[in-house]
Amino acid sequence: MDFIKKASCIACLSVAPFVAPFAAPYAAAADKGAVLASMPALLLDRHQLVTVDGKLDEAPWRAAPEFATFHQFLPENGKPLPAGLRTSVRLLIDGDALIFGIRAWDGAPDNMRSSLARRDKVANDQDFIGIWLDPTGHGRAAQFVRVNIDGVLTDGMYRADEDEDDLGPDFPIDAAVRRLPDGYSMEIRWPMSNLRFPYADGKTWRLMVERSVPHAGGLRLTSTPLKTGSLSYIDALQEIGGMGGTVQAVRDRAFVDLKPELTVRASHDRDDAGRRHGNEASVGLEINARPRADWVFNATLNPDFSQVEIDEPMPTGASRIALSLPEKRGFFLESADVLGLPLSAVYSRTVASPQWGLRATWRDARADATAMSLRDEEGGVVLRGSVYETAQHAQTRRTLASVARARWHRDGMLLGAFLSQRDYGDGGSNEVAGFDGQWRGGGTQASMLLMHSQNSAGFVDEPREATVKVPTRSGSYGQGRYVHISDDWWNEVKVEAIGPGFVNDNGFVPQTGVVKTDINLNRRLGEHNVPVPAPGIAPLKLYELEAHLGLHEIRTLSDATLGQRANQVVQRKLQPGIWFRAGRQTDLWANLGFDQQRAHRQGRLHDTPALHFGFASSPLPWMPVLKGEVTLGRQLDVDADRVGRGGNVVIDAGFRFPLGALGALARGWAMESDVRVNRAWIEGTLGRPAFADNGWRWLGMLHFTASDSLRLLAQNTSSSRRDDGVSGLPLWAERGSHRSLLYRHLWRHGRSMSVGYARDRASEANTVNKALTIKMQWEV
């Protein structure tokens, strides 16, 4: 899937849920060195007030300068704009916020598409306006928001250094939309309290405005001329003109947000050991303080993280290597732009149930830093990687997790350092120190990361699970990455070496004792018209076509402790393939896999040839998402150390239905329905699967208003091993199910009430867990 991330244009400027978190924007100024027109702003006097109602009828809007120079980015960047799709932007600054007024004309307003949806579900199938802001001006990160024409928001942070977008942050943005006979108008108010910028000597604030018009062939318009397939598009953001002394006026202004929360839960658990009932109530508090522009302090006391939403089953497949999950908890997201490091360095989900947490972040024009410390209760899971599997250990002690990070940056250069510690008390500790650097210029990026660890915390299973102090062992980690992009090529080389003694309990290290090499070569072949072998049918237009060659290999390092010899091939992949983009936002890719894989250090290297292909499309207004990933061929059964015919299939479909046709009661209601089905299997010698892993999920959302919704999640998972006629492994079968119903009312950002019921069932020990939860959050 590296090929999809690097080559796919659906990733360009797209943080839609069906591609996040793997996809990220790729675009740059159409002409290197081009001077972009600034976005003019009007400074308001303190007595001038603007109501965010979407009307654009107040006097300041008439006085504000208009910006109306937009460019086509997708599906064909640089092409003339279609007639009847004019877009204009006016920007006001009132001392507390940036206020955007957008007027979007449409010659076919009945074809505009949108629907009520969950926050962060504004996707490419909807008419929306997006705003990307870089108040530091250094082009390394941008905050963004997208508002569809039903007023639903998607917001987050994009980091150019790691080429990642993060939908976790929720900014206190107000927005209102008015549909008009010839399009729509929109107002967006972005408080400066949630913009992060240096106190002094900072660069001019920069932004970009985008517009999505799905009924016009998936059209995307931007206020800066962009082209697809570049390292990062945010170097092309345009400056905000006319700000005057705004930064100096607001940099000393202090902001403090308090968000208390109350959680009441009644639970009923049953298994082979008996029945248990429990009732609990907890009070938590989040504190966010900005004494001045360059300092932000965060604190959390007794937060309830039990309702962090993970909407899909996690298939185990035939691998023993752990999978990562995205972060959705606000405390960890404040300084995501500063902390940005490869996944192995800092992984916030290692903190499961903090009693308290403290964090401070500082930003200067040439440097920034962040530090945090959390007291985590026992009950979490600690992951420790090795060559062929990821071990999971119960965290039986309270721990103190601490991380500090500092960076220096100038133009295309970045240098950084960090320290990390996980303290298990008398059970030992784990310390990591690291150094990283990056250089960006033109179409080239080079980066490196070095880490060294010392660990004295170990785990034993007998006579009971426990964390114990062990003799200190050290280990090292190194990573180097080089990317070069031109009009004809998109090439990447990455080498990662993880020593057998390397441990980072504040990070994510699913494998150790290995060297990983990844080479991706992508040849851009431009636009093509493919003849269709049928009379009267126009040729298929491919907006972009690329040929791909991927080479991936994992080899072992010597480890005397485990008796592992060096230079043993764990996995090798040679995958030529193609990718193209067509109409209806359709991407299709296919790779031939000349692959090899080994199950354990005494096993042999098996040939596992396979066909890998996938697609993503927005085929219909009521089916905006249809995507799949498929692998068919010879698959390695890790436990049995044998190869059999098999595959892995994941299909996702999303449906959107306005319910106004049901009558006056349902006027304005909308339904979201997302379905996922996944199956992994390996055939045995007896004509049936020796191993099978299945899962399905249905997520339904009924939206009564923009503030009230009912969410139903149903998912089942099952895994089983049958007699394969060869290995003689024990037979087993496991099943699990989840059902939950959640009603949520949102007064405004940061003020909500949720009432939810959940039921989980697992075949292991006939376990059934039921819980009724009421949760209130009230931001002050």
# chains A, B, ... in the order shown; residues from 1 in each chain; ligands from 1

call {"tool": "residues_around", "arguments": {"residues": "Val643 (chain A)", "least_positions_apart": "5", "cutoff": "10 Å", "atoms": "only C-alpha atoms", "output": "PyMOL selection string"}}
result
chain A and resi 597+606-608+633-638+682-684

call {"tool": "residues_around", "arguments": {"residues": "Tyr482 (chain A)", "least_positions_apart": "5", "cutoff": "7 Å", "atoms": "only C-alpha atoms", "output": "PyMOL selection string"}}
result
chain A and resi 445-447+492-494

call {"tool": "write_last_selection", "arguments": {"atoms": "all heavy atoms", "output": "PDB file, in the first residue's frame"}}
result
ATOM      1  N   GLN A 445      13.684  15.297  -0.571  1.00  0.00           N
ATOM      2  CA  GLN A 445      13.630  15.305   0.892  1.00  0.00           C
ATOM      3  C   GLN A 445      14.503  14.180   1.412  1.00  0.00           C
ATOM      4  O   GLN A 445      14.430  13.042   0.938  1.00  0.00           O
ATOM      5  CB  GLN A 445      12.207  15.108   1.387  1.00  0.00           C
ATOM      6  CG  GLN A 445      12.101  14.947   2.905  1.00  0.00           C
ATOM      7  CD  GLN A 445      10.664  14.806   3.368  1.00  0.00           C
ATOM      8  OE1 GLN A 445       9.843  15.671   3.148  1.00  0.00           O
ATOM      9  NE2 GLN A 445      10.367  13.688   4.009  1.00  0.00           N
ATOM     10  N   ALA A 446      15.342  14.492   2.385  1.00  0.00           N
ATOM     11  CA  ALA A 446      16.174  13.492   3.045  1.00  0.00           C
ATOM     12  C   ALA A 446      15.978  13.634   4.549  1.00  0.00           C
ATOM     13  O   ALA A 446      15.952  14.745   5.075  1.00  0.00           O
ATOM     14  CB  ALA A 446      17.641  13.678   2.681  1.00  0.00           C
ATOM     15  N   SER A 447      15.828  12.526   5.252  1.00  0.00           N
ATOM     16  CA  SER A 447      15.603  12.576   6.692  1.00  0.00           C
ATOM     17  C   SER A 447      16.302  11.408   7.365  1.00  0.00           C
ATOM     18  O   SER A 447      16.589  10.378   6.739  1.00  0.00           O
ATOM     19  CB  SER A 447      14.101  12.544   7.022  1.00  0.00           C
ATOM     20  OG  SER A 447      13.509  11.344   6.550  1.00  0.00           O
ATOM     21  N   GLU A 492      11.333   6.698  -3.837  1.00  0.00           N
ATOM     22  CA  GLU A 492      11.605   6.729  -2.397  1.00  0.00           C
ATOM     23  C   GLU A 492      12.472   5.547  -2.006  1.00  0.00           C
ATOM     24  O   GLU A 492      12.265   4.424  -2.478  1.00  0.00           O
ATOM     25  CB  GLU A 492      10.302   6.687  -1.601  1.00  0.00           C
ATOM     26  CG  GLU A 492      10.511   6.633  -0.093  1.00  0.00           C
ATOM     27  CD  GLU A 492       9.236   6.316   0.678  1.00  0.00           C
ATOM     28  OE1 GLU A 492       8.423   5.536   0.161  1.00  0.00           O
ATOM     29  OE2 GLU A 492       9.075   6.849   1.790  1.00  0.00           O
ATOM     30  N   VAL A 493      13.441   5.808  -1.136  1.00  0.00           N
ATOM     31  CA  VAL A 493      14.263   4.760  -0.534  1.00  0.00           C
ATOM     32  C   VAL A 493      14.227   4.959   0.978  1.00  0.00           C
ATOM     33  O   VAL A 493      14.455   6.064   1.471  1.00  0.00           O
ATOM     34  CB  VAL A 493      15.719   4.807  -1.038  1.00  0.00           C
ATOM     35  CG1 VAL A 493      16.547   3.735  -0.345  1.00  0.00           C
ATOM     36  CG2 VAL A 493      15.774   4.625  -2.544  1.00  0.00           C
ATOM     37  N   LYS A 494      13.956   3.893   1.709  1.00  0.00           N
ATOM     38  CA  LYS A 494      13.891   3.971   3.169  1.00  0.00           C
ATOM     39  C   LYS A 494      14.577   2.746   3.760  1.00  0.00           C
ATOM     40  O   LYS A 494      14.295   1.616   3.357  1.00  0.00           O
ATOM     41  CB  LYS A 494      12.436   4.042   3.641  1.00  0.00           C
ATOM     42  CG  LYS A 494      12.266   4.091   5.155  1.00  0.00           C
ATOM     43  CD  LYS A 494      10.792   4.154   5.516  1.00  0.00           C
ATOM     44  CE  LYS A 494      10.569   4.097   7.013  1.00  0.00           C
ATOM     45  NZ  LYS A 494       9.121   4.123   7.358  1.00  0.00           N
TER      46      LYS A 494
END

call {"tool": "select_by_dssp", "arguments": {"residues": "region 411-586 of chain A", "states": "strand (DSSP E or B)", "output": "PyMOL selection string"}}
result
chain A and resi 413-423+429-441+444-460+466-485+489-498+514-530+540-556+559+564+569-582+586

call {"tool": "closest_atom_pairs", "arguments": {"of": "region 519-575 of chain A", "to": "region 583-596 of chain A", "cutoff": "8 Å", "atoms": "only C-alpha atoms", "output": "CSV"}}
result
residue,atom,partner,partner_atom,distance
A:Lys541,CA,A:Gly583,CA,7.4
A:Leu542,CA,A:Gly583,CA,7.7
A:Tyr543,CA,A:Gly583,CA,7.9
A:Gln571,CA,A:Gln596,CA,5.6
A:Arg572,CA,A:Gln596,CA,5.1
A:Lys573,CA,A:Asp595,CA,4.3
A:Leu574,CA,A:Phe594,CA,5.1
A:Gln575,CA,A:Gly593,CA,4.7

call {"tool": "write_last_selection", "arguments": {"atoms": "all heavy atoms", "output": "CSV table (one decimal), in the first residue's frame"}}
result
chain,number,residue,atom,x,y,z
A,541,LYS,N,-11.1,7.9,-20.1
A,541,LYS,CA,-10.1,8.9,-19.9
A,541,LYS,C,-9.4,8.7,-18.5
A,541,LYS,O,-10.1,8.6,-17.5
A,541,LYS,CB,-10.7,10.3,-19.9
A,541,LYS,CG,-9.6,11.4,-19.7
A,541,LYS,CD,-10.1,12.8,-20.0
A,541,LYS,CE,-9.0,13.8,-20.0
A,541,LYS,NZ,-9.5,15.2,-20.3
A,542,LEU,N,-8.1,8.5,-18.6
A,542,LEU,CA,-7.3,8.3,-17.4
A,542,LEU,C,-6.6,9.7,-17.1
A,542,LEU,O,-5.7,10.1,-17.9
A,542,LEU,CB,-6.2,7.2,-17.6
A,542,LEU,CG,-6.8,5.8,-18.0
A,542,LEU,CD1,-5.6,4.8,-18.0
A,542,LEU,CD2,-7.9,5.4,-17.0
A,543,TYR,N,-7.0,10.3,-16.0
A,543,TYR,CA,-6.4,11.6,-15.7
A,543,TYR,C,-4.9,11.4,-15.4
A,543,TYR,O,-4.1,12.3,-15.6
A,543,TYR,CB,-7.1,12.3,-14.6
A,543,TYR,CG,-8.6,12.6,-14.9
A,543,TYR,CD1,-9.6,12.0,-14.3
A,543,TYR,CD2,-8.8,13.5,-15.9
A,543,TYR,CE1,-10.9,12.3,-14.6
A,543,TYR,CE2,-10.2,13.8,-16.2
A,543,TYR,CZ,-11.2,13.2,-15.6
A,543,TYR,OH,-12.5,13.5,-15.9
A,571,GLN,N,11.3,-11.5,5.2
A,571,GLN,CA,10.3,-11.3,4.1
A,571,GLN,C,11.0,-10.6,3.0
A,571,GLN,O,11.9,-9.7,3.2
A,571,GLN,CB,9.2,-10.4,4.7
A,571,GLN,CG,8.0,-10.1,3.8
A,571,GLN,CD,7.0,-9.3,4.5
A,571,GLN,OE1,7.1,-8.1,4.6
A,571,GLN,NE2,5.9,-9.9,4.9
A,572,ARG,N,10.6,-10.9,1.8
A,572,ARG,CA,11.1,-10.2,0.6
A,572,ARG,C,9.9,-10.1,-0.4
A,572,ARG,O,9.2,-11.0,-0.6
A,572,ARG,CB,12.2,-11.0,0.0
A,572,ARG,CG,12.8,-10.4,-1.3
A,572,ARG,CD,13.8,-11.3,-1.9
A,572,ARG,NE,15.0,-11.4,-1.1
A,572,ARG,CZ,15.7,-12.5,-0.9
A,572,ARG,NH1,15.3,-13.6,-1.4
A,572,ARG,NH2,16.8,-12.4,-0.1
A,573,LYS,N,9.8,-8.9,-0.9
A,573,LYS,CA,8.7,-8.6,-1.9
A,573,LYS,C,9.3,-7.9,-3.1
A,573,LYS,O,10.1,-6.9,-3.0
A,573,LYS,CB,7.6,-7.7,-1.3
A,573,LYS,CG,6.9,-8.3,-0.1
A,573,LYS,CD,5.8,-7.3,0.4
A,573,LYS,CE,5.1,-7.9,1.6
A,573,LYS,NZ,4.0,-7.0,2.1
A,574,LEU,N,8.9,-8.4,-4.3
A,574,LEU,CA,9.2,-7.7,-5.5
A,574,LEU,C,7.9,-7.5,-6.3
A,574,LEU,O,7.3,-8.5,-6.7
A,574,LEU,CB,10.2,-8.5,-6.4
A,574,LEU,CG,10.5,-8.0,-7.8
A,574,LEU,CD1,11.1,-6.6,-7.7
A,574,LEU,CD2,11.3,-9.0,-8.6
A,575,GLN,N,7.4,-6.3,-6.4
A,575,GLN,CA,6.0,-6.0,-6.8
A,575,GLN,C,6.0,-4.9,-7.9
A,575,GLN,O,6.0,-3.8,-7.6
A,575,GLN,CB,5.1,-5.6,-5.6
A,575,GLN,CG,5.0,-6.7,-4.6
A,575,GLN,CD,4.0,-6.4,-3.5
A,575,GLN,OE1,3.4,-5.3,-3.5
A,575,GLN,NE2,3.6,-7.4,-2.7

call {"tool": "closest_atom_pairs", "arguments": {"of": "region 134-223 of chain A", "to": "region 62-68 of chain A", "cutoff": "12 Å", "atoms": "only C-alpha atoms", "output": "CSV"}}
result
residue,atom,partner,partner_atom,distance
A:Met208,CA,A:Phe67,CA,11.5
A:Val209,CA,A:Phe67,CA,10.3
A:Glu210,CA,A:Ala68,CA,11.6
A:Arg211,CA,A:Ala68,CA,11.9
A:Leu221,CA,A:Ala68,CA,11.1
A:Thr222,CA,A:Ala68,CA,10.3
A:Ser223,CA,A:Ala68,CA,7.9

call {"tool": "write_last_selection", "arguments": {"atoms": "all heavy atoms", "output": "PDB file, in the first residue's frame"}}
result
ATOM      1  N   MET A 208      -4.796  28.908   2.424  1.00  0.00           N
ATOM      2  CA  MET A 208      -5.343  28.499   1.140  1.00  0.00           C
ATOM      3  C   MET A 208      -6.813  28.171   1.336  1.00  0.00           C
ATOM      4  O   MET A 208      -7.208  27.641   2.377  1.00  0.00           O
ATOM      5  CB  MET A 208      -4.618  27.280   0.585  1.00  0.00           C
ATOM      6  CG  MET A 208      -5.148  26.817  -0.776  1.00  0.00           C
ATOM      7  SD  MET A 208      -4.251  25.378  -1.409  1.00  0.00           S
ATOM      8  CE  MET A 208      -4.751  24.117  -0.237  1.00  0.00           C
ATOM      9  N   VAL A 209      -7.625  28.498   0.348  1.00  0.00           N
ATOM     10  CA  VAL A 209      -9.042  28.164   0.354  1.00  0.00           C
ATOM     11  C   VAL A 209      -9.295  27.183  -0.787  1.00  0.00           C
ATOM     12  O   VAL A 209      -8.782  27.365  -1.896  1.00  0.00           O
ATOM     13  CB  VAL A 209      -9.919  29.418   0.186  1.00  0.00           C
ATOM     14  CG1 VAL A 209     -11.396  29.051   0.180  1.00  0.00           C
ATOM     15  CG2 VAL A 209      -9.624  30.424   1.296  1.00  0.00           C
ATOM     16  N   GLU A 210     -10.059  26.138  -0.513  1.00  0.00           N
ATOM     17  CA  GLU A 210     -10.401  25.164  -1.551  1.00  0.00           C
ATOM     18  C   GLU A 210     -11.922  25.016  -1.621  1.00  0.00           C
ATOM     19  O   GLU A 210     -12.644  25.288  -0.657  1.00  0.00           O
ATOM     20  CB  GLU A 210      -9.765  23.805  -1.266  1.00  0.00           C
ATOM     21  CG  GLU A 210     -10.215  23.179   0.047  1.00  0.00           C
ATOM     22  CD  GLU A 210      -9.748  21.746   0.235  1.00  0.00           C
ATOM     23  OE1 GLU A 210      -9.588  21.030  -0.778  1.00  0.00           O
ATOM     24  OE2 GLU A 210      -9.563  21.342   1.397  1.00  0.00           O
ATOM     25  N   ARG A 211     -12.395  24.570  -2.778  1.00  0.00           N
ATOM     26  CA  ARG A 211     -13.817  24.320  -2.972  1.00  0.00           C
ATOM     27  C   ARG A 211     -13.997  22.994  -3.693  1.00  0.00           C
ATOM     28  O   ARG A 211     -13.324  22.727  -4.691  1.00  0.00           O
ATOM     29  CB  ARG A 211     -14.466  25.433  -3.785  1.00  0.00           C
ATOM     30  CG  ARG A 211     -15.952  25.199  -4.066  1.00  0.00           C
ATOM     31  CD  ARG A 211     -16.545  26.238  -4.999  1.00  0.00           C
ATOM     32  NE  ARG A 211     -17.934  25.929  -5.336  1.00  0.00           N
ATOM     33  CZ  ARG A 211     -18.660  26.603  -6.234  1.00  0.00           C
ATOM     34  NH1 ARG A 211     -18.126  27.651  -6.866  1.00  0.00           N
ATOM     35  NH2 ARG A 211     -19.906  26.246  -6.493  1.00  0.00           N
ATOM     36  N   LEU A 221     -11.298  23.101  -6.652  1.00  0.00           N
ATOM     37  CA  LEU A 221     -10.735  24.413  -6.956  1.00  0.00           C
ATOM     38  C   LEU A 221      -9.921  24.888  -5.760  1.00  0.00           C
ATOM     39  O   LEU A 221     -10.299  24.638  -4.605  1.00  0.00           O
ATOM     40  CB  LEU A 221     -11.849  25.420  -7.250  1.00  0.00           C
ATOM     41  CG  LEU A 221     -12.876  25.020  -8.316  1.00  0.00           C
ATOM     42  CD1 LEU A 221     -13.956  26.089  -8.440  1.00  0.00           C
ATOM     43  CD2 LEU A 221     -12.200  24.781  -9.648  1.00  0.00           C
ATOM     44  N   THR A 222      -8.826  25.586  -6.023  1.00  0.00           N
ATOM     45  CA  THR A 222      -7.981  26.105  -4.947  1.00  0.00           C
ATOM     46  C   THR A 222      -7.596  27.545  -5.244  1.00  0.00           C
ATOM     47  O   THR A 222      -7.518  27.962  -6.406  1.00  0.00           O
ATOM     48  CB  THR A 222      -6.700  25.269  -4.786  1.00  0.00           C
ATOM     49  OG1 THR A 222      -5.965  25.277  -6.015  1.00  0.00           O
ATOM     50  CG2 THR A 222      -7.034  23.835  -4.400  1.00  0.00           C
ATOM     51  N   SER A 223      -7.330  28.300  -4.185  1.00  0.00           N
ATOM     52  CA  SER A 223      -6.973  29.710  -4.338  1.00  0.00           C
ATOM     53  C   SER A 223      -5.517  29.904  -4.705  1.00  0.00           C
ATOM     54  O   SER A 223      -5.078  31.030  -4.924  1.00  0.00           O
ATOM     55  CB  SER A 223      -7.281  30.475  -3.041  1.00  0.00           C
ATOM     56  OG  SER A 223      -6.513  29.956  -1.967  1.00  0.00           O
TER      57      SER A 223
END

call {"tool": "select_by_dssp", "arguments": {"residues": "region 78-309 of chain A", "states": "alpha helix (DSSP H)", "output": "ChimeraX atom specification"}}
result
/A:246-250

call {"tool": "closest_atom_pairs", "arguments": {"of": "region 59-170 of chain A", "to": "region 703-722 of chain A", "cutoff": "12 Å", "atoms": "only C-alpha atoms", "output": "Markdown table"}}
result
| residue | atom | partner | partner_atom | distance |
| --- | --- | --- | --- | --- |
| A:Ser115 | CA | A:His703 | CA | 9.4 |
| A:Leu116 | CA | A:His703 | CA | 6.4 |
| A:Ala117 | CA | A:His703 | CA | 7.1 |
| A:Arg118 | CA | A:His703 | CA | 8.5 |
| A:Arg119 | CA | A:Ala706 | CA | 9.6 |
| A:Asn148 | CA | A:Ala706 | CA | 11.8 |
| A:Ile149 | CA | A:Ala706 | CA | 11.8 |
| A:Asp150 | CA | A:Ala706 | CA | 8.2 |
| A:Gly151 | CA | A:Ala706 | CA | 7.6 |
| A:Val152 | CA | A:Ala706 | CA | 7.3 |
| A:Leu153 | CA | A:Ala706 | CA | 10.2 |
